[in-house]
file coords13.cif (mmCIF, C-alpha atoms)
data_input
#
loop_
_atom_site.label_atom_id
_atom_site.label_comp_id
_atom_site.auth_asym_id
_atom_site.auth_seq_id
_atom_site.Cartn_x
_atom_site.Cartn_y
_atom_site.Cartn_z
CA MET A 1 0.00 0.00 0.00
CA LEU A 2 2.69 2.45 0.92
CA ARG A 3 5.83 2.74 -1.11
CA VAL A 4 9.02 2.08 0.76
CA ALA A 5 11.75 4.50 -0.06
CA ASP A 6 15.47 3.99 0.26
CA SER A 7 16.06 6.06 3.33
CA SER A 8 18.24 5.50 6.35
CA LEU A 9 19.48 7.23 9.41
CA SER A 10 22.77 7.92 7.78
CA SER A 11 21.29 10.28 5.25
CA ALA A 12 21.86 13.96 5.90
CA GLU A 13 18.18 14.92 5.95
CA PRO A 14 16.25 11.80 6.77
CA ARG A 15 12.96 13.36 7.85
CA SER A 16 10.48 12.60 5.12
CA GLY A 17 7.11 10.91 5.23
CA GLN A 18 8.70 7.79 3.85
CA THR A 19 11.35 7.89 6.56
CA PHE A 20 8.61 7.93 9.15
CA THR A 21 6.92 4.98 7.46
CA ASP A 22 10.16 3.06 7.25
CA LEU A 23 11.63 3.77 10.66
CA LEU A 24 9.16 4.98 13.25
CA ALA A 25 5.80 3.63 12.08
CA PRO A 26 6.73 -0.01 12.91
CA LEU A 27 7.59 1.11 16.44
CA VAL A 28 4.29 2.86 17.13
CA GLN A 29 2.46 -0.33 18.13
CA PRO A 30 5.19 -1.59 20.51
CA GLY A 31 5.28 1.92 21.94
CA TYR A 32 1.52 1.92 22.37
CA ARG A 33 1.60 -1.46 24.14
CA LEU A 34 4.32 -0.19 26.44
CA ALA A 35 2.37 2.99 27.17
CA CYS A 36 -0.84 1.06 27.86
CA ALA A 37 1.02 -1.18 30.26
CA MET A 38 2.58 1.79 32.01
CA LEU A 39 -0.51 4.01 32.18
CA HIS A 40 -3.47 1.57 32.07
CA ASP A 41 -5.31 4.22 30.11
CA ALA A 42 -5.56 3.78 26.33
CA PRO A 43 -6.25 7.43 25.36
CA ALA A 44 -3.42 8.61 27.58
CA ALA A 45 -1.21 5.92 26.05
CA GLU A 46 -2.02 7.15 22.54
CA ASP A 47 -1.14 10.69 23.57
CA ALA A 48 2.13 9.53 25.08
CA VAL A 49 3.10 7.62 21.93
CA GLN A 50 2.15 10.58 19.78
CA GLU A 51 4.31 12.99 21.74
CA ALA A 52 7.13 10.48 21.92
CA SER A 53 6.98 10.04 18.16
CA LEU A 54 7.30 13.77 17.61
CA ILE A 55 10.29 13.95 19.94
CA ALA A 56 11.89 10.95 18.27
CA TRP A 57 11.23 12.40 14.85
CA ARG A 58 12.93 15.66 15.72
CA LYS A 59 15.95 13.93 17.24
CA LEU A 60 16.19 11.12 14.73
CA GLY A 61 19.23 12.58 13.03
CA ARG A 62 21.24 12.42 16.26
CA LEU A 63 20.88 8.66 16.60
CA GLN A 64 24.03 7.16 15.19
CA ASP A 65 23.36 3.47 15.68
CA GLN A 66 20.25 2.28 13.87
CA SER A 67 20.31 -1.02 15.76
CA ARG A 68 19.44 0.93 18.89
CA LEU A 69 16.38 2.53 17.32
CA ARG A 70 13.76 0.39 19.09
CA ALA A 71 15.36 0.74 22.51
CA TRP A 72 15.87 4.46 21.97
CA PHE A 73 12.27 5.01 20.90
CA LEU A 74 10.82 2.95 23.73
CA GLY A 75 12.96 4.92 26.16
CA ILE A 76 11.32 8.11 24.91
CA VAL A 77 7.87 6.52 25.24
CA ALA A 78 8.68 5.49 28.80
CA ASN A 79 9.76 9.02 29.61
CA GLU A 80 6.55 10.41 28.15
CA CYS A 81 4.58 7.96 30.29
CA ARG A 82 6.39 9.25 33.34
CA ASN A 83 5.54 12.82 32.31
CA ALA A 84 1.91 11.85 31.68
CA ARG A 85 1.59 10.52 35.21
CA ARG A 86 3.13 13.69 36.55
CA ARG A 87 0.70 15.79 34.53
CA ARG A 88 -2.19 13.75 35.84
CA TRP A 89 -0.98 14.38 39.36
CA ALA A 90 -0.52 18.06 38.63
CA THR A 91 -4.04 18.26 37.20
CA ALA A 92 -5.42 16.72 40.34
CA VAL A 93 -3.55 19.26 42.43
CA SER A 94 -4.62 22.23 40.35
CA HIS A 95 -8.25 21.14 40.48
CA GLY A 96 -8.03 21.01 44.24
CA LEU A 97 -9.73 17.65 44.51
CA PRO A 98 -10.59 16.59 48.02
CA ASP A 99 -8.40 13.89 49.48
CA ASN A 100 -11.15 11.31 49.55
CA LEU A 101 -11.62 11.51 45.76
CA SER A 102 -9.24 9.71 43.48
CA VAL A 103 -8.34 10.99 40.03
CA ILE A 104 -8.11 7.65 38.33
CA SER A 105 -10.21 7.20 35.23
CA GLY A 106 -13.26 5.02 34.96
CA GLU A 107 -11.23 2.60 32.93
CA GLU A 108 -8.72 2.29 35.70
CA ARG A 109 -11.46 1.87 38.24
CA VAL A 110 -12.57 -1.28 36.45
CA LEU A 111 -9.08 -2.60 36.77
CA GLN A 112 -8.92 -2.33 40.49
CA GLY A 113 -10.27 -5.79 40.97
CA THR A 114 -7.34 -7.35 39.21
CA ASP A 115 -4.51 -8.00 41.58
CA LEU A 116 -1.75 -8.25 39.05
CA ARG A 117 -2.51 -4.98 37.38
CA ASN A 118 -2.90 -3.34 40.75
CA ALA A 119 0.44 -4.70 41.83
CA LEU A 120 2.01 -3.50 38.61
CA ARG A 121 0.53 -0.07 38.99
CA GLN A 122 1.88 0.28 42.49
CA LEU A 123 5.44 -0.33 41.40
CA PRO A 124 7.72 2.69 41.02
CA HIS A 125 8.05 3.86 37.43
CA ASP A 126 11.45 2.30 36.74
CA ASP A 127 10.49 -1.04 38.26
CA ARG A 128 7.26 -1.14 36.29
CA LEU A 129 9.16 -0.29 33.14
CA VAL A 130 11.55 -3.22 33.37
CA VAL A 131 8.71 -5.61 34.19
CA VAL A 132 6.71 -4.46 31.17
CA LEU A 133 9.67 -4.50 28.79
CA TYR A 134 10.83 -7.93 29.89
CA PHE A 135 7.59 -9.79 30.54
CA TYR A 136 5.14 -8.01 28.25
CA LEU A 137 7.20 -6.83 25.29
CA ASP A 138 9.40 -9.93 25.65
CA MET A 139 12.60 -8.00 25.21
CA PRO A 140 15.93 -9.55 26.20
CA LEU A 141 17.63 -8.17 29.29
CA SER A 142 20.33 -6.51 27.20
CA GLU A 143 17.75 -4.49 25.29
CA VAL A 144 15.81 -3.68 28.46
CA ALA A 145 19.07 -2.33 29.84
CA ALA A 146 19.48 -0.18 26.72
CA VAL A 147 16.01 1.29 27.20
CA VAL A 148 16.38 2.13 30.87
CA GLY A 149 20.01 3.16 30.56
CA GLY A 150 21.60 0.71 32.99
CA SER A 151 23.64 -2.45 33.04
CA VAL A 152 22.21 -5.92 32.52
CA GLY A 153 23.06 -6.78 36.10
CA ALA A 154 21.25 -3.74 37.45
CA VAL A 155 18.20 -4.54 35.34
CA ARG A 156 18.18 -8.13 36.57
CA ARG A 157 18.31 -6.97 40.19
CA ARG A 158 15.53 -4.47 39.57
CA LEU A 159 13.45 -7.17 37.90
CA TYR A 160 13.93 -9.55 40.84
CA ARG A 161 12.94 -6.83 43.28
CA ALA A 162 9.87 -5.84 41.24
CA VAL A 163 8.62 -9.40 40.86
CA ARG A 164 9.15 -9.98 44.56
CA ARG A 165 7.00 -6.95 45.34
CA MET A 166 4.28 -8.02 42.96
CA ARG A 167 4.22 -11.66 44.01
CA PRO A 168 6.01 -12.22 47.32
CA ASP A 169 5.28 -15.93 47.14
CA ILE A 170 6.56 -16.58 43.63
CA VAL A 171 9.74 -18.50 42.93
CA ILE A 172 11.86 -15.88 41.17
CA GLU A 173 13.73 -18.32 38.95
CA GLU A 174 10.42 -19.65 37.75
CA ALA A 175 9.26 -16.18 36.82
CA ILE A 176 12.46 -15.11 35.10
CA MET B 1 -0.01 -20.35 33.66
CA SER B 2 3.42 -18.74 33.72
CA PHE B 3 4.03 -15.34 35.25
CA ARG B 4 4.83 -14.00 31.79
CA ALA B 5 1.50 -15.26 30.40
CA GLU B 6 -0.34 -13.74 33.35
CA ILE B 7 1.29 -10.40 32.68
CA HIS B 8 0.35 -10.65 29.00
CA ASP B 9 -3.28 -11.39 29.82
CA ALA B 10 -3.52 -8.70 32.46
CA ILE B 11 -2.13 -5.95 30.26
CA ASP B 12 -3.84 -7.07 27.07
CA GLU B 13 -7.15 -6.43 28.78
CA VAL B 14 -6.32 -2.73 29.05
CA THR B 15 -4.75 -2.47 25.60
CA PRO B 16 -7.52 -2.05 23.04
CA PRO B 17 -6.39 -2.43 19.42
CA ALA B 18 -5.44 0.83 17.75
CA PRO B 19 -4.98 -0.04 14.08
CA MET B 20 -5.08 3.59 12.92
CA LEU B 21 -2.59 4.82 15.43
CA ALA B 22 0.52 4.66 13.25
CA SER B 23 -1.02 6.64 10.42
CA ARG B 24 -2.55 9.14 12.84
CA VAL B 25 0.74 9.62 14.65
CA GLY B 26 2.48 10.00 11.30
CA ALA B 27 0.09 12.72 10.19
CA TYR B 28 0.52 14.49 13.52
CA VAL B 29 4.29 14.27 13.48
CA LEU B 30 4.63 15.57 9.96
CA ALA B 31 2.13 18.36 10.56
CA GLU B 32 3.69 19.50 13.84
CA ASP B 33 7.29 19.02 12.81
CA ARG B 34 7.20 21.68 10.16
CA VAL B 35 6.48 24.28 12.86
CA VAL B 36 10.01 24.08 14.16
CA ARG B 37 11.93 23.19 11.01
CA ARG B 38 14.57 25.73 10.21
CA PRO B 39 16.99 25.86 7.30
CA ARG B 40 20.49 24.82 8.25
CA LEU B 41 23.20 27.42 8.38
CA GLY B 42 25.72 27.12 5.63
CA THR B 43 29.38 26.79 6.59
CA TRP B 44 30.10 30.30 5.39
CA MET B 45 27.48 31.70 7.76
CA ARG B 46 28.85 30.08 10.93
CA PRO B 47 31.31 32.89 11.74
CA LEU B 48 28.31 35.24 11.74
CA ARG B 49 26.62 33.35 14.56
CA GLY B 50 28.18 35.55 17.27
CA MET B 51 26.98 38.70 15.60
CA ALA B 52 23.59 37.13 15.05
CA GLY B 53 23.44 36.37 18.77
CA VAL B 54 24.05 40.02 19.65
CA LEU B 55 21.41 41.07 17.16
CA ALA B 56 19.00 38.53 18.56
CA ALA B 57 19.58 39.81 22.09
CA ALA B 58 18.93 43.37 20.92
CA LEU B 59 15.74 42.22 19.27
CA VAL B 60 14.62 40.54 22.46
CA VAL B 61 15.20 43.77 24.41
CA MET B 62 13.20 45.71 21.81
CA LEU B 63 10.46 43.13 21.94
CA LEU B 64 10.23 43.31 25.72
CA ALA B 65 10.18 47.11 25.58
CA GLY B 66 7.34 46.96 23.08
CA LEU B 67 5.37 44.62 25.30
CA VAL B 68 5.89 46.81 28.37
CA LEU B 69 4.83 49.93 26.48
CA GLY B 70 1.34 48.81 25.76
CA GLY B 71 1.10 45.23 24.60
CA ARG B 72 0.99 46.37 21.02
CA LEU B 73 2.99 43.41 19.79
CA TRP B 74 0.61 41.06 21.49
CA ARG B 75 -2.36 42.62 19.71
CA ASP B 76 -0.52 42.53 16.40
CA TRP B 77 0.31 38.91 17.02
CA ASN B 78 -3.30 37.98 17.55
CA THR B 79 -4.27 39.96 14.49
CA ASN B 80 -1.73 38.08 12.41
CA VAL B 81 -2.87 34.74 13.71
CA ASN B 82 -6.47 35.45 12.85
CA ARG B 83 -6.05 37.39 9.64
CA PRO B 84 -7.47 35.54 6.65
CA MET B 85 -5.03 34.90 3.83
CA PRO B 86 -5.65 36.46 0.40
CA ILE B 87 -7.88 34.23 -1.61
CA ASN B 88 -9.53 34.26 -5.02
CA HIS B 89 -12.97 35.40 -3.97
CA THR B 90 -14.55 34.83 -7.38
CA GLN B 91 -13.63 31.16 -7.27
CA LEU B 92 -14.60 30.93 -3.62
CA LYS B 93 -17.99 32.53 -4.27
CA ALA B 94 -18.66 30.06 -7.07
CA LEU B 95 -18.02 27.17 -4.70
CA GLU B 96 -20.02 28.77 -1.89
CA ASP B 97 -22.98 29.12 -4.26
CA ARG B 98 -23.22 25.37 -4.55
CA PRO B 99 -26.00 24.21 -2.21
CA LEU B 100 -25.01 22.41 0.95
CA ASN B 101 -26.46 19.00 0.36
CA LEU B 102 -26.17 17.10 3.62
CA PRO B 103 -28.82 14.77 5.00
CA VAL B 104 -30.62 15.28 8.28
CA ILE B 105 -30.53 12.39 10.70
CA GLU B 106 -33.13 12.05 13.41
CA ALA B 107 -31.86 12.36 16.93
CA GLY B 108 -30.96 8.96 18.27
CA ALA B 109 -30.74 7.34 14.84
CA ALA B 110 -27.55 5.59 13.81
CA CYS B 111 -24.94 7.87 12.30
CA PRO B 112 -24.21 6.80 8.69
CA ILE B 113 -20.44 6.98 9.12
CA SER B 114 -18.64 6.71 5.80
CA LEU B 115 -16.17 3.92 5.24
CA LEU B 116 -12.57 5.00 5.36
CA ASP B 117 -10.92 5.13 1.99
CA SER B 118 -7.39 4.00 1.38
CA PRO B 119 -5.83 6.42 -1.04
CA VAL B 120 -2.84 5.03 -2.86
CA GLY B 121 -0.07 6.97 -4.47
CA PRO B 122 3.61 7.70 -4.31
CA GLY B 123 4.57 10.36 -1.85
CA LEU B 124 1.52 9.78 0.29
CA GLY B 125 3.64 9.48 3.40
CA PRO B 126 2.14 7.88 6.49
CA LEU B 127 -1.53 8.34 5.57
CA VAL B 128 -3.00 4.89 5.15
CA TYR B 129 -6.70 5.60 5.53
CA GLY B 130 -8.57 8.86 5.25
CA ASP B 131 -12.12 10.15 5.42
CA GLY B 132 -13.45 10.97 1.98
CA VAL B 133 -13.44 9.43 -1.46
CA GLY B 134 -10.99 11.83 -3.05
CA PRO B 135 -9.51 13.96 -4.29
CA VAL B 136 -9.61 15.42 -0.76
CA TYR B 137 -9.07 13.24 2.29
CA ALA B 138 -9.33 14.20 5.94
CA GLN B 139 -7.62 12.61 8.86
CA GLY B 140 -8.06 13.60 12.48
CA THR B 141 -4.84 13.53 14.47
CA GLY B 142 -6.71 12.58 17.61
CA LEU B 143 -5.71 15.79 19.35
CA ARG B 144 -8.73 17.37 21.04
CA TYR B 145 -8.90 20.66 22.82
CA GLY B 146 -11.91 21.45 24.98
CA THR B 147 -13.15 24.98 25.65
CA SER B 148 -16.27 26.38 27.28
CA TRP B 149 -17.77 26.62 23.78
CA GLY B 150 -17.06 23.11 22.58
CA THR B 151 -14.33 20.81 21.32
CA TYR B 152 -11.69 21.37 18.64
CA ILE B 153 -9.97 18.57 16.79
CA LEU B 154 -6.71 19.09 14.95
CA THR B 155 -7.37 17.65 11.51
CA GLY B 156 -5.14 17.18 8.51
CA TYR B 157 -6.26 17.36 4.90
CA VAL B 158 -4.39 15.86 1.98
CA VAL B 159 -5.28 16.37 -1.66
CA ARG B 160 -4.56 14.04 -4.54
CA PRO B 161 -1.74 15.74 -6.49
CA THR B 162 -3.63 15.47 -9.77
CA PHE B 163 -6.08 18.07 -8.46
CA THR B 164 -5.01 21.70 -8.11
CA GLY B 165 -7.08 24.73 -7.30
CA LEU B 166 -9.40 25.97 -4.62
CA VAL B 167 -11.32 23.58 -2.39
CA LEU B 168 -14.18 24.56 -0.08
CA ILE B 169 -15.06 22.47 2.97
CA ARG B 170 -18.27 22.90 4.93
CA ALA B 171 -19.63 20.68 7.66
CA ARG B 172 -22.47 20.44 10.11
CA ASP B 173 -23.86 18.13 12.73
CA LEU B 174 -26.35 15.90 10.96
CA GLN B 175 -28.51 15.42 14.04
CA THR B 176 -28.47 18.82 15.73
CA ASN B 177 -27.86 20.88 12.56
CA GLN B 178 -25.15 22.87 14.37
CA MET B 179 -22.46 24.25 12.08
CA VAL B 180 -18.93 23.03 12.46
CA VAL B 181 -16.42 25.86 12.69
CA PHE B 182 -12.87 26.07 11.45
CA ALA B 183 -9.93 27.93 12.92
CA HIS B 184 -6.28 28.21 12.20
CA ASN B 185 -4.08 26.21 14.57
CA PRO B 186 -2.51 29.10 16.49
CA VAL B 187 0.55 27.07 17.40
CA ASN B 188 1.43 26.73 13.74
CA LYS B 189 2.49 30.10 12.39
CA ASP B 190 2.04 29.15 8.75
CA TYR B 191 -1.32 28.61 7.10
CA TYR B 192 0.01 26.25 4.43
CA GLY B 193 -3.02 26.89 2.27
CA ALA B 194 -5.68 25.96 4.86
CA ILE B 195 -7.70 29.14 5.24
CA PRO B 196 -10.69 29.45 7.55
CA SER B 197 -13.18 31.49 5.52
CA GLY B 198 -16.85 32.32 5.14
CA ASN B 199 -18.50 34.16 8.02
CA VAL B 200 -16.85 34.71 11.36
CA ALA B 201 -18.64 32.39 13.76
CA GLY B 202 -17.06 33.71 16.92
CA LYS B 203 -13.98 33.92 19.07
CA ASP B 204 -12.53 31.30 21.31
CA PHE B 205 -9.44 30.66 23.36
CA VAL B 206 -7.64 27.56 22.12
CA LEU B 207 -4.14 26.36 22.91
CA GLU B 208 -3.55 29.50 24.97
CA HIS B 209 -4.34 31.77 22.01
CA GLN B 210 -7.39 33.69 21.00
CA VAL B 211 -8.65 32.46 17.64
CA LEU B 212 -11.41 33.54 15.31
CA THR B 213 -13.64 30.75 14.13
CA TYR B 214 -15.17 30.61 10.67
CA THR B 215 -18.00 28.72 9.05
CA GLU B 216 -15.94 27.31 6.17
CA LEU B 217 -12.49 26.12 5.31
CA ALA B 218 -10.80 26.84 1.99
CA LEU B 219 -7.79 24.90 0.79
CA GLN B 220 -5.40 26.46 -1.70
CA THR B 221 -3.71 23.35 -2.96
CA GLU B 222 -0.77 25.14 -4.52
CA LYS B 223 0.13 26.61 -1.12
CA MET B 224 -0.29 23.45 0.89
CA TYR B 225 2.75 21.82 2.44
CA ARG B 226 4.73 19.24 0.48
CA GLU B 227 7.75 17.41 1.78
CA VAL B 228 8.99 17.25 -1.80
CA ALA B 229 7.27 18.33 -4.98
CA ALA B 230 5.97 14.85 -5.79
CA PHE B 231 4.30 14.37 -2.41
CA TRP B 232 0.63 14.89 -1.67
CA PRO B 233 -0.07 18.41 -0.44
CA LEU B 234 -0.98 18.53 3.24
CA ALA B 235 -2.47 21.15 5.55
CA GLY B 236 -3.90 21.16 9.05
CA THR B 237 -6.73 23.03 10.71
CA LEU B 238 -8.76 23.08 13.89
CA GLN B 239 -12.34 21.88 13.48
CA GLY B 240 -14.70 22.87 16.26
CA PHE B 241 -17.95 21.29 17.41
CA PRO B 242 -20.16 23.15 19.88
CA ASN B 243 -21.27 21.67 23.15
CA GLY B 244 -24.30 19.50 22.57
CA SER B 245 -23.05 18.25 19.23
CA SER B 246 -23.98 14.63 18.51
CA GLY B 247 -20.57 13.98 16.96
CA CYS B 248 -22.23 12.78 13.75
CA ILE B 249 -20.68 15.26 11.34
CA GLY B 250 -21.38 15.50 7.63
CA PHE B 251 -18.79 17.12 5.36
CA GLN B 252 -19.26 18.58 1.91
CA VAL B 253 -16.12 19.22 -0.08
CA ASP B 254 -16.41 21.26 -3.27
CA GLY B 255 -13.82 21.95 -5.90
CA ALA B 256 -13.68 22.53 -9.63
CA GLY B 257 -15.40 19.53 -11.21
CA PHE B 258 -16.29 17.62 -8.06
CA THR B 259 -18.41 17.57 -4.93
CA GLU B 260 -17.60 15.05 -2.26
CA HIS B 261 -19.57 14.03 0.85
CA PHE B 262 -18.53 11.99 3.84
CA VAL B 263 -19.74 11.48 7.37
CA VAL B 264 -17.46 11.15 10.37
CA GLY B 265 -18.42 10.02 13.85
CA TYR B 266 -16.41 11.88 16.50
#
call {"tool": "encode", "arguments": {"input": "coords13.cif", "output": "structure tokens"}}
result
Amino acid sequence: MLRVADSSLSSAEPRSGQTFTDLLAPLVQPGYRLACAMLHDAPAAEDAVQEASLIAWRKLGRLQDQSRLRAWFLGIVANECRNARRRRWATAVSHGLPDNLSVISGEERVLQGTDLRNALRQLPHDDRLVVVLYFYLDMPLSEVAAVVGGSVGAVRRRLYRAVRRMRPDIVIEEAI
Amino acid sequence: MSFRAEIHDAIDEVTPPAPMLASRVGAYVLAEDRVVRRPRLGTWMRPLRGMAGVLAAALVVMLLAGLVLGGRLWRDWNTNVNRPMPINHTQLKALEDRPLNLPVIEAGAACPISLLDSPVGPGLGPLVYGDGVGPVYAQGTGLRYGTSWGTYILTGYVVRPTFTGLVLIRARDLQTNQMVVFAHNPVNKDYYGAIPSGNVAGKDFVLEHQVLTYTELALQTEKMYREVAAFWPLAGTLQGFPNGSSGCIGFQVDGAGFTEHFVVGY
């Protein structure tokens, strides 16, 4: 349906519609899945992916190593998810909601009955990110490390800690 | 069930499919990106950067002084944002004289949403599906801005390159008969051929800017944005629906030799 042009990151001015189709478009769905897992809110996830795509598009020329494209893009998505949660918090503050009212969406409210999603949501951002990348997007530890900007060992320790918090009774080796 | 499978199931339940997302994001990225694109400095100009910095600082001081002395620049800015672009009024009048031929749907009845078309052509970029049957296609970026008056959606229009000339777009709510209004996206300083026209419908405050809203949108295809000459011309606009709108919106697109209708459910 769409013509694929011969474009690459090494070109001097790579930002054409075809470049988007070739490079970033295939990453939109993984980014959306990551954002849904991080935010549990599909519209907010779409917004996060959209903003992340614009940021990635504008900085695409600075990425030297094309093999890192997926990790680099997902890192931007993760950062946008973090910002989205902050904005949600800031909105709640600026609206002056009483303490006894939560600001979670109706969609999220439905989720509250599900222990695993609740446990995931209660993890700190970085812990949740490694769990989602490793268990949901099925990325190898080395690529997870590239996304979060740490070593493989640090990611493994974070993963162990996160799984332990989500399921204290689980045998870690069985999970990982 | 393994922990990994449990995670998959748990998250999949909150991840509805979004098959249009890639094309929508692509349209958004290309539309927004051009706002900040700047020509690169040639090598010979680099030594002038220092001087340009001093000049820029002086300009900033002058700008601040102007703002302090009466906000004149701010008023001029708003005027520029809202000022209609020159347009061939004879051609526009001819298109406006065509009757608006949109059906009326009873309240509560199903909205006859048009099927998305899949325009095909080199240089189409990330647009995979669009509203319309051609030569003009619309695609909402998904960005919505709410005001006390209603809701605005940032929408992109692309035109098949074989068509050139003036295009007129009018729309209304098929159930409530409320007119849809059009406004320039105030964040984007360039019109790129998408010109809100017709009667002024009102004023609103969108994206932290005051905008004038109009009852029609004109597209000047030769001024629309193209990544390269062979690509489909593209332009963006804000489309506004008043509070109480059913979201069942009928569009009539008129140009030389064609009239096109489609219905979108927002």
call {"tool": "resolve_selection", "arguments": {"input": "coords13.cif", "expression": "the PyMOL selection byres ((chain A and resi 136) around 9)", "output": "PDB file with C-alpha atoms, keeping the file's coordinate frame"}}
result
ATOM      1  CA  ARG A  33       1.600  -1.460  24.140  1.00  0.00           C
ATOM      2  CA  LEU A  34       4.320  -0.190  26.440  1.00  0.00           C
ATOM      3  CA  ALA A  37       1.020  -1.180  30.260  1.00  0.00           C
ATOM      4  CA  VAL A 131       8.710  -5.610  34.190  1.00  0.00           C
ATOM      5  CA  VAL A 132       6.710  -4.460  31.170  1.00  0.00           C
ATOM      6  CA  LEU A 133       9.670  -4.500  28.790  1.00  0.00           C
ATOM      7  CA  TYR A 134      10.830  -7.930  29.890  1.00  0.00           C
ATOM      8  CA  PHE A 135       7.590  -9.790  30.540  1.00  0.00           C
ATOM      9  CA  LEU A 137       7.200  -6.830  25.290  1.00  0.00           C
ATOM     10  CA  ASP A 138       9.400  -9.930  25.650  1.00  0.00           C
ATOM     11  CA  MET A 139      12.600  -8.000  25.210  1.00  0.00           C
TER      12      MET A 139
ATOM     13  CA  ARG B   4       4.830 -14.000  31.790  1.00  0.00           C
ATOM     14  CA  ALA B   5       1.500 -15.260  30.400  1.00  0.00           C
ATOM     15  CA  ILE B   7       1.290 -10.400  32.680  1.00  0.00           C
ATOM     16  CA  HIS B   8       0.350 -10.650  29.000  1.00  0.00           C
ATOM     17  CA  ILE B  11      -2.130  -5.950  30.260  1.00  0.00           C
TER      18      ILE B  11
END
call {"tool": "interface_residues", "arguments": {"input": "coords13.cif", "of": "chain B", "to": "chain A", "cutoff": "6 Å", "atoms": "all atoms listed in the file", "output": "ChimeraX atom specification"}}
result
/B:3-4,8,11,14-15,22,25,29,125-126
call {"tool": "write_last_selection", "arguments": {"input": "coords13.cif", "atoms": "C-alpha atoms", "output": "compact mmCIF listing (two decimals), in the frame of the given file"}}
result
# COMPACT_ATOMS: atom_id res chain seq x y z
CA PHE B 3 4.03 -15.34 35.25
CA ARG B 4 4.83 -14.00 31.79
CA HIS B 8 0.35 -10.65 29.00
CA ILE B 11 -2.13 -5.95 30.26
CA VAL B 14 -6.32 -2.73 29.05
CA THR B 15 -4.75 -2.47 25.60
CA ALA B 22 0.52 4.66 13.25
CA VAL B 25 0.74 9.62 14.65
CA VAL B 29 4.29 14.27 13.48
CA GLY B 125 3.64 9.48 3.40
CA PRO B 126 2.14 7.88 6.49
call {"tool": "resolve_selection", "arguments": {"input": "coords13.cif", "expression": "the PyMOL selection byres ((chain B and resi 96-105) around 8)", "output": "number ranges by chain"}}
result
B: 92-95, 106-107, 109, 111, 168, 170, 174-175, 177, 250-252, 261
call {"tool": "closest_residue", "arguments": {"input": "coords13.cif", "among": "A:Pro30, A:Val148, A:Arg121, A:Leu23", "to": "Leu21 of chain B", "atoms": "all atoms listed in the file"}}
result
A:Pro30
call {"tool": "resolve_selection", "arguments": {"input": "coords13.cif", "expression": "the PyMOL selection byres ((chain B and resi 257) around 12)", "output": "VMD selection string"}}
result
chain B and resid 94 to 95 98 135 163 to 167 253 to 256 258 to 260
call {"tool": "atom_distance", "arguments": {"input": "coords13.cif", "atom1": "atom CA of Leu64 of chain B", "atom2": "atom CA of Glu208 of chain B"}}
result
19.5 Å
call {"tool": "closest_residue", "arguments": {"input": "coords13.cif", "among": "B:Ala27, B:Pro233, B:Ala10, B:Gly108", "to": "Ala119 of chain A", "atoms": "all atoms listed in the file"}}
result
B:Ala10
call {"tool": "residues_around", "arguments": {"input": "coords13.cif", "residues": "Gly240 of chain B", "least_positions_apart": "2", "cutoff": "7 Å", "atoms": "all atoms listed in the file", "output": "NGL selection string"}}
result
:B and (150-153 or 180-182 or 238 or 242)
call {"tool": "write_last_selection", "arguments": {"input": "coords13.cif", "atoms": "C-alpha atoms", "output": "mmCIF file, keeping the file's coordinate frame"}}
result
data_model
loop_
_atom_site.group_PDB
_atom_site.id
_atom_site.type_symbol
_atom_site.label_atom_id
_atom_site.label_comp_id
_atom_site.auth_asym_id
_atom_site.auth_seq_id
_atom_site.Cartn_x
_atom_site.Cartn_y
_atom_site.Cartn_z
ATOM 1 C CA GLY B 150 -17.060 23.110 22.580
ATOM 2 C CA THR B 151 -14.330 20.810 21.320
ATOM 3 C CA TYR B 152 -11.690 21.370 18.640
ATOM 4 C CA ILE B 153 -9.970 18.570 16.790
ATOM 5 C CA VAL B 180 -18.930 23.030 12.460
ATOM 6 C CA VAL B 181 -16.420 25.860 12.690
ATOM 7 C CA PHE B 182 -12.870 26.070 11.450
ATOM 8 C CA LEU B 238 -8.760 23.080 13.890
ATOM 9 C CA PRO B 242 -20.160 23.150 19.880
#
call {"tool": "atom_distance", "arguments": {"input": "coords13.cif", "atom1": "atom CA of Val200 of chain B", "atom2": "atom CA of Gln239 of chain B"}}
result
13.8 Å
call {"tool": "closest_residue", "arguments": {"input": "coords13.cif", "among": "B:Phe262, B:Tyr225, B:Trp232, B:Tyr137", "to": "Glu32 of chain B", "atoms": "all atoms listed in the file"}}
result
B:Tyr225
call {"tool": "residues_near_point", "arguments": {"input": "coords13.cif", "point": "(-18.5, 30.2, 7.0)", "cutoff": "9 Å", "atoms": "all atoms listed in the file", "output": "JSON, numbers by chain"}}
result
{"B": [170, 179, 181, 182, 196, 197, 198, 199, 200, 201, 213, 214, 215, 216, 217]}
call {"tool": "atom_distance", "arguments": {"input": "coords13.cif", "atom1": "atom CA of Ile169 of chain B", "atom2": "atom CA of Gly244 of chain B"}}
result
21.9 Å
call {"tool": "residues_near_point", "arguments": {"input": "coords13.cif", "point": "(18.3, 0.0, 13.8)", "cutoff": "12 Å", "atoms": "all atoms listed in the file", "output": "list in words"}}
result
Ser8, Leu9, Ser10, Asp22, Leu23, Leu24, Pro26, Leu27, Leu60, Leu63, Gln64, Asp65, Gln66, Ser67, Arg68, Leu69, Arg70, Ala71, Trp72 and Phe73 of chain A
